[in-house]
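Structure file model.pdb; described as PDB, C-alpha atoms.
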MODEL        1
ATOM      1  CA  MET X   3       0.000   0.000   0.000  1.00  0.00           C
ATOM      2  CA  GLY X   4       1.431   3.353  -1.006  1.00  0.00           C
ATOM      3  CA  THR X   5       2.385   6.001   1.509  1.00  0.00           C
ATOM      4  CA  ASN X   6      -0.223   8.411   0.135  1.00  0.00           C
ATOM      5  CA  THR X   7      -2.959   5.768   0.385  1.00  0.00           C
ATOM      6  CA  ALA X   8      -1.904   4.817   3.914  1.00  0.00           C
ATOM      7  CA  GLU X   9      -1.943   8.486   4.962  1.00  0.00           C
ATOM      8  CA  ARG X  10      -5.417   8.968   3.500  1.00  0.00           C
ATOM      9  CA  LEU X  11      -6.655   5.867   5.314  1.00  0.00           C
ATOM     10  CA  GLU X  12      -5.185   7.179   8.578  1.00  0.00           C
ATOM     11  CA  GLN X  13      -7.088  10.436   7.981  1.00  0.00           C
ATOM     12  CA  ALA X  14     -10.278   8.440   7.359  1.00  0.00           C
ATOM     13  CA  ILE X  15      -9.733   6.599  10.647  1.00  0.00           C
ATOM     14  CA  ALA X  16      -9.270   9.919  12.473  1.00  0.00           C
ATOM     15  CA  THR X  17     -12.506  11.191  10.914  1.00  0.00           C
ATOM     16  CA  LEU X  18     -14.291   8.020  12.009  1.00  0.00           C
ATOM     17  CA  ASN X  19     -12.992   8.569  15.554  1.00  0.00           C
ATOM     18  CA  ASP X  20     -14.553  12.045  15.534  1.00  0.00           C
ATOM     19  CA  LEU X  21     -17.849  10.698  14.194  1.00  0.00           C
ATOM     20  CA  ILE X  22     -17.871   7.893  16.750  1.00  0.00           C
ATOM     21  CA  GLY X  23     -17.498  10.455  19.547  1.00  0.00           C
ATOM     22  CA  LEU X  24     -20.256  12.641  18.092  1.00  0.00           C
ATOM     23  CA  THR X  25     -22.736   9.782  17.698  1.00  0.00           C
ATOM     24  CA  ARG X  26     -21.888   8.385  21.161  1.00  0.00           C
ATOM     25  CA  ASP X  27     -22.487  11.816  22.737  1.00  0.00           C
ATOM     26  CA  SER X  28     -25.776  12.074  20.837  1.00  0.00           C
ATOM     27  CA  GLY X  29     -26.961   8.707  22.143  1.00  0.00           C
ATOM     28  CA  LEU X  30     -27.027   7.065  18.703  1.00  0.00           C
ATOM     29  CA  THR X  31     -25.874   3.644  19.869  1.00  0.00           C
ATOM     30  CA  ASP X  32     -26.467   1.708  16.639  1.00  0.00           C
ATOM     31  CA  THR X  33     -24.784   4.365  14.509  1.00  0.00           C
ATOM     32  CA  THR X  34     -21.832   4.406  16.910  1.00  0.00           C
ATOM     33  CA  GLN X  35     -21.483   0.622  16.559  1.00  0.00           C
ATOM     34  CA  PHE X  36     -21.703   0.835  12.772  1.00  0.00           C
ATOM     35  CA  LEU X  37     -18.970   3.488  12.626  1.00  0.00           C
ATOM     36  CA  ALA X  38     -16.798   1.465  15.018  1.00  0.00           C
ATOM     37  CA  MET X  39     -17.246  -1.536  12.732  1.00  0.00           C
ATOM     38  CA  ALA X  40     -16.178   0.540   9.710  1.00  0.00           C
ATOM     39  CA  LYS X  41     -13.123   1.751  11.644  1.00  0.00           C
ATOM     40  CA  LEU X  42     -12.214  -1.808  12.604  1.00  0.00           C
ATOM     41  CA  HIS X  43     -12.427  -2.994   9.002  1.00  0.00           C
ATOM     42  CA  LEU X  44     -10.294  -0.074   7.811  1.00  0.00           C
ATOM     43  CA  LEU X  45      -7.681  -0.849  10.451  1.00  0.00           C
ATOM     44  CA  MET X  46      -7.691  -4.519   9.480  1.00  0.00           C
ATOM     45  CA  ASP X  47      -7.214  -3.614   5.814  1.00  0.00           C
ATOM     46  CA  LEU X  48      -4.516  -1.065   6.616  1.00  0.00           C
ATOM     47  CA  HIS X  49      -2.526  -3.583   8.653  1.00  0.00           C
ATOM     48  CA  GLY X  50      -3.224  -6.636   6.450  1.00  0.00           C
ATOM     49  CA  ILE X  51      -5.199  -8.587   9.058  1.00  0.00           C
ATOM     50  CA  SER X  52      -7.518 -11.215   7.572  1.00  0.00           C
ATOM     51  CA  ASP X  53     -10.944 -12.122   8.935  1.00  0.00           C
ATOM     52  CA  ASN X  54      -9.568 -15.520   9.925  1.00  0.00           C
ATOM     53  CA  GLU X  55      -6.766 -13.938  11.933  1.00  0.00           C
ATOM     54  CA  PHE X  56      -9.246 -11.626  13.643  1.00  0.00           C
ATOM     55  CA  ARG X  57     -11.600 -14.519  14.472  1.00  0.00           C
ATOM     56  CA  THR X  58      -8.646 -16.454  15.919  1.00  0.00           C
ATOM     57  CA  LEU X  59      -7.825 -13.449  18.114  1.00  0.00           C
ATOM     58  CA  CYS X  60     -11.452 -13.316  19.318  1.00  0.00           C
ATOM     59  CA  ASP X  61     -11.343 -17.044  20.076  1.00  0.00           C
ATOM     60  CA  ARG X  62      -8.131 -16.659  22.065  1.00  0.00           C
ATOM     61  CA  LEU X  63      -9.540 -13.712  24.025  1.00  0.00           C
ATOM     62  CA  GLU X  64     -12.547 -15.862  24.908  1.00  0.00           C
ATOM     63  CA  GLY X  65     -10.243 -18.656  26.089  1.00  0.00           C
ATOM     64  CA  LYS X  66     -11.061 -20.979  23.201  1.00  0.00           C
ATOM     65  CA  SER X  67      -8.414 -22.970  21.397  1.00  0.00           C
ATOM     66  CA  PRO X  68      -8.010 -22.014  17.730  1.00  0.00           C
ATOM     67  CA  LYS X  69      -9.798 -24.080  15.115  1.00  0.00           C
ATOM     68  CA  PRO X  70      -7.513 -25.912  12.663  1.00  0.00           C
ATOM     69  CA  GLY X  71      -7.009 -24.022   9.423  1.00  0.00           C
ATOM     70  CA  ARG X  72      -8.459 -20.817  10.862  1.00  0.00           C
ATOM     71  CA  LEU X  73      -5.413 -18.692  10.039  1.00  0.00           C
ATOM     72  CA  ALA X  74      -5.099 -17.671   6.416  1.00  0.00           C
ATOM     73  CA  PRO X  75      -1.938 -18.989   4.731  1.00  0.00           C
ATOM     74  CA  ASN X  76      -1.107 -15.573   3.267  1.00  0.00           C
ATOM     75  CA  ARG X  77      -1.366 -12.425   5.399  1.00  0.00           C
ATOM     76  CA  GLY X  78      -2.031 -10.200   2.404  1.00  0.00           C
ATOM     77  CA  ALA X  79      -5.291 -11.917   1.469  1.00  0.00           C
ATOM     78  CA  THR X  80      -7.822  -9.349   0.352  1.00  0.00           C
ATOM     79  CA  ALA X  81     -10.840 -11.630   0.099  1.00  0.00           C
ATOM     80  CA  ARG X  82     -12.989 -11.728   3.194  1.00  0.00           C
ATOM     81  CA  ASN X  83     -14.748 -14.871   4.320  1.00  0.00           C
ATOM     82  CA  ARG X  84     -18.467 -14.657   5.016  1.00  0.00           C
ATOM     83  CA  ARG X  85     -19.404 -14.952   8.660  1.00  0.00           C
ATOM     84  CA  GLU X  86     -21.248 -17.938  10.005  1.00  0.00           C
ATOM     85  CA  ALA X  87     -24.989 -17.846   9.277  1.00  0.00           C
ATOM     86  CA  GLU X  88     -25.976 -17.498  12.939  1.00  0.00           C
ATOM     87  CA  MET X  89     -23.954 -14.302  13.238  1.00  0.00           C
ATOM     88  CA  ARG X  90     -25.325 -12.776  10.013  1.00  0.00           C
ATOM     89  CA  VAL X  91     -28.914 -13.469  11.079  1.00  0.00           C
ATOM     90  CA  THR X  92     -28.485 -11.669  14.398  1.00  0.00           C
ATOM     91  CA  GLY X  93     -26.945  -8.640  12.674  1.00  0.00           C
ATOM     92  CA  ARG X  94     -23.780  -8.939  14.752  1.00  0.00           C
ATOM     93  CA  ALA X  95     -21.453 -10.668  12.303  1.00  0.00           C
ATOM     94  CA  TRP X  96     -18.734  -8.121  13.054  1.00  0.00           C
ATOM     95  CA  GLN X  97     -18.665  -8.826  16.784  1.00  0.00           C
ATOM     96  CA  CYS X  98     -16.752 -11.584  18.468  1.00  0.00           C
ATOM     97  CA  SER X  99     -19.068 -14.439  19.289  1.00  0.00           C
ATOM     98  CA  GLY X 100     -20.388 -14.275  22.822  1.00  0.00           C
ATOM     99  CA  GLU X 101     -20.089 -10.507  22.958  1.00  0.00           C
ATOM    100  CA  SER X 102     -23.191  -8.912  24.419  1.00  0.00           C
ATOM    101  CA  PRO X 103     -25.047  -6.189  22.514  1.00  0.00           C
ATOM    102  CA  ARG X 104     -24.344  -2.664  23.711  1.00  0.00           C
ATOM    103  CA  GLY X 105     -27.874  -1.294  23.728  1.00  0.00           C
ATOM    104  CA  GLY X 106     -30.991  -0.749  21.729  1.00  0.00           C
ATOM    105  CA  ARG X 107     -31.709   1.585  18.865  1.00  0.00           C
ATOM    106  CA  LYS X 108     -32.750   5.102  19.784  1.00  0.00           C
ATOM    107  CA  ARG X 109     -35.857   6.319  17.978  1.00  0.00           C
ATOM    108  CA  ALA X 110     -36.374   9.907  16.894  1.00  0.00           C
ATOM    109  CA  ARG X 111     -39.185  11.654  18.696  1.00  0.00           C
ATOM    110  CA  GLY X 112     -41.579  13.580  16.618  1.00  0.00           C
TER
ENDMDL
END
Would you mind writing the file out in structure tokens?
Amino acid sequence: MGTNTAERLEQAIATLNDLIGLTRDSGLTDTTQFLAMAKLHLLMDLHGISDNEFRTLCDRLEGKSPKPGRLAPNRGATARNRREAEMRVTGRAWQCSGESPRGGRKRARG
């Protein structure tokens, strides 16, 4: 990844940090989570971390032993694996399994 591209991605991450703070202060929990997810994916792309490597990290943090073949053979893999169906259905495919939701959606009053 070129220096210019990496710098622009770092700027995008800084902008996301500002937006995350704004939405958190405004009580927009779901939007805050969505922006945090976008930031995480940008950071993973910037540092060449695959979905399999991230899932292995989540497993280790939860005290689980890694599943065989979970780590991608090449760190620079750009293709992302689809999450397990149970995680996609719940709308929390980006979270580590077992992670509790952070709150409900705030509705606009009007």
Please write as an mmCIF file with C-alpha atoms, in the coordinates of the input the full residue list that the PyMOL selection byres ((chain X and resi 45) around 12) yields on this file.
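What landed in result_34.cif:
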data_model
loop_
_atom_site.group_PDB
_atom_site.id
_atom_site.type_symbol
_atom_site.label_atom_id
_atom_site.label_comp_id
_atom_site.auth_asym_id
_atom_site.auth_seq_id
_atom_site.Cartn_x
_atom_site.Cartn_y
_atom_site.Cartn_z
ATOM 1 C CA ALA X 8 -1.904 4.817 3.914
ATOM 2 C CA LEU X 11 -6.655 5.867 5.314
ATOM 3 C CA GLU X 12 -5.185 7.179 8.578
ATOM 4 C CA GLN X 13 -7.088 10.436 7.981
ATOM 5 C CA ALA X 14 -10.278 8.440 7.359
ATOM 6 C CA ILE X 15 -9.733 6.599 10.647
ATOM 7 C CA ALA X 16 -9.270 9.919 12.473
ATOM 8 C CA LEU X 18 -14.291 8.020 12.009
ATOM 9 C CA ASN X 19 -12.992 8.569 15.554
ATOM 10 C CA ALA X 38 -16.798 1.465 15.018
ATOM 11 C CA MET X 39 -17.246 -1.536 12.732
ATOM 12 C CA ALA X 40 -16.178 0.540 9.710
ATOM 13 C CA LYS X 41 -13.123 1.751 11.644
ATOM 14 C CA LEU X 42 -12.214 -1.808 12.604
ATOM 15 C CA HIS X 43 -12.427 -2.994 9.002
ATOM 16 C CA LEU X 44 -10.294 -0.074 7.811
ATOM 17 C CA MET X 46 -7.691 -4.519 9.480
ATOM 18 C CA ASP X 47 -7.214 -3.614 5.814
ATOM 19 C CA LEU X 48 -4.516 -1.065 6.616
ATOM 20 C CA HIS X 49 -2.526 -3.583 8.653
ATOM 21 C CA GLY X 50 -3.224 -6.636 6.450
ATOM 22 C CA ILE X 51 -5.199 -8.587 9.058
ATOM 23 C CA SER X 52 -7.518 -11.215 7.572
ATOM 24 C CA ASP X 53 -10.944 -12.122 8.935
ATOM 25 C CA PHE X 56 -9.246 -11.626 13.643
#
key: Atom pair atom CA of X:Thr17 / atom CA of X:Thr5: separation (Å)   =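 Distance reported for this atom pair: 18.4 Å.
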request  = Step by step, work through what the PyMOL selection byres ((chain X and resi 68) around 6) selects in the shown file, and finish by giving those residues as an MDAnalysis selection string.
outcome  = chainID X and resid 58 67 69
ask   = Of the candidates X:Arg10, X:Gly4, X:Phe36, X:Asp61, which shows the shortest atom-to-atom distance to X:Ile22, using only C-alpha atoms?
value =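 Among the listed residues, the smallest separation from X:Ile22 belongs to X:Phe36.
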key: Gap from atom CA of X:Cys60 to atom CA of X:Gln35 - Å, one decimal   =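 One can read the atom CA of X:Cys60 to atom CA of X:Gln35 distance as 17.4 Å.
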request  = Quote the spacing between atom CA of X:Gly23 and atom CA of X:Asn6 in Å to one decimal place.
outcome  =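 Spanning atom CA of X:Gly23 to atom CA of X:Asn6 is a straight-line distance of 26.1 Å.
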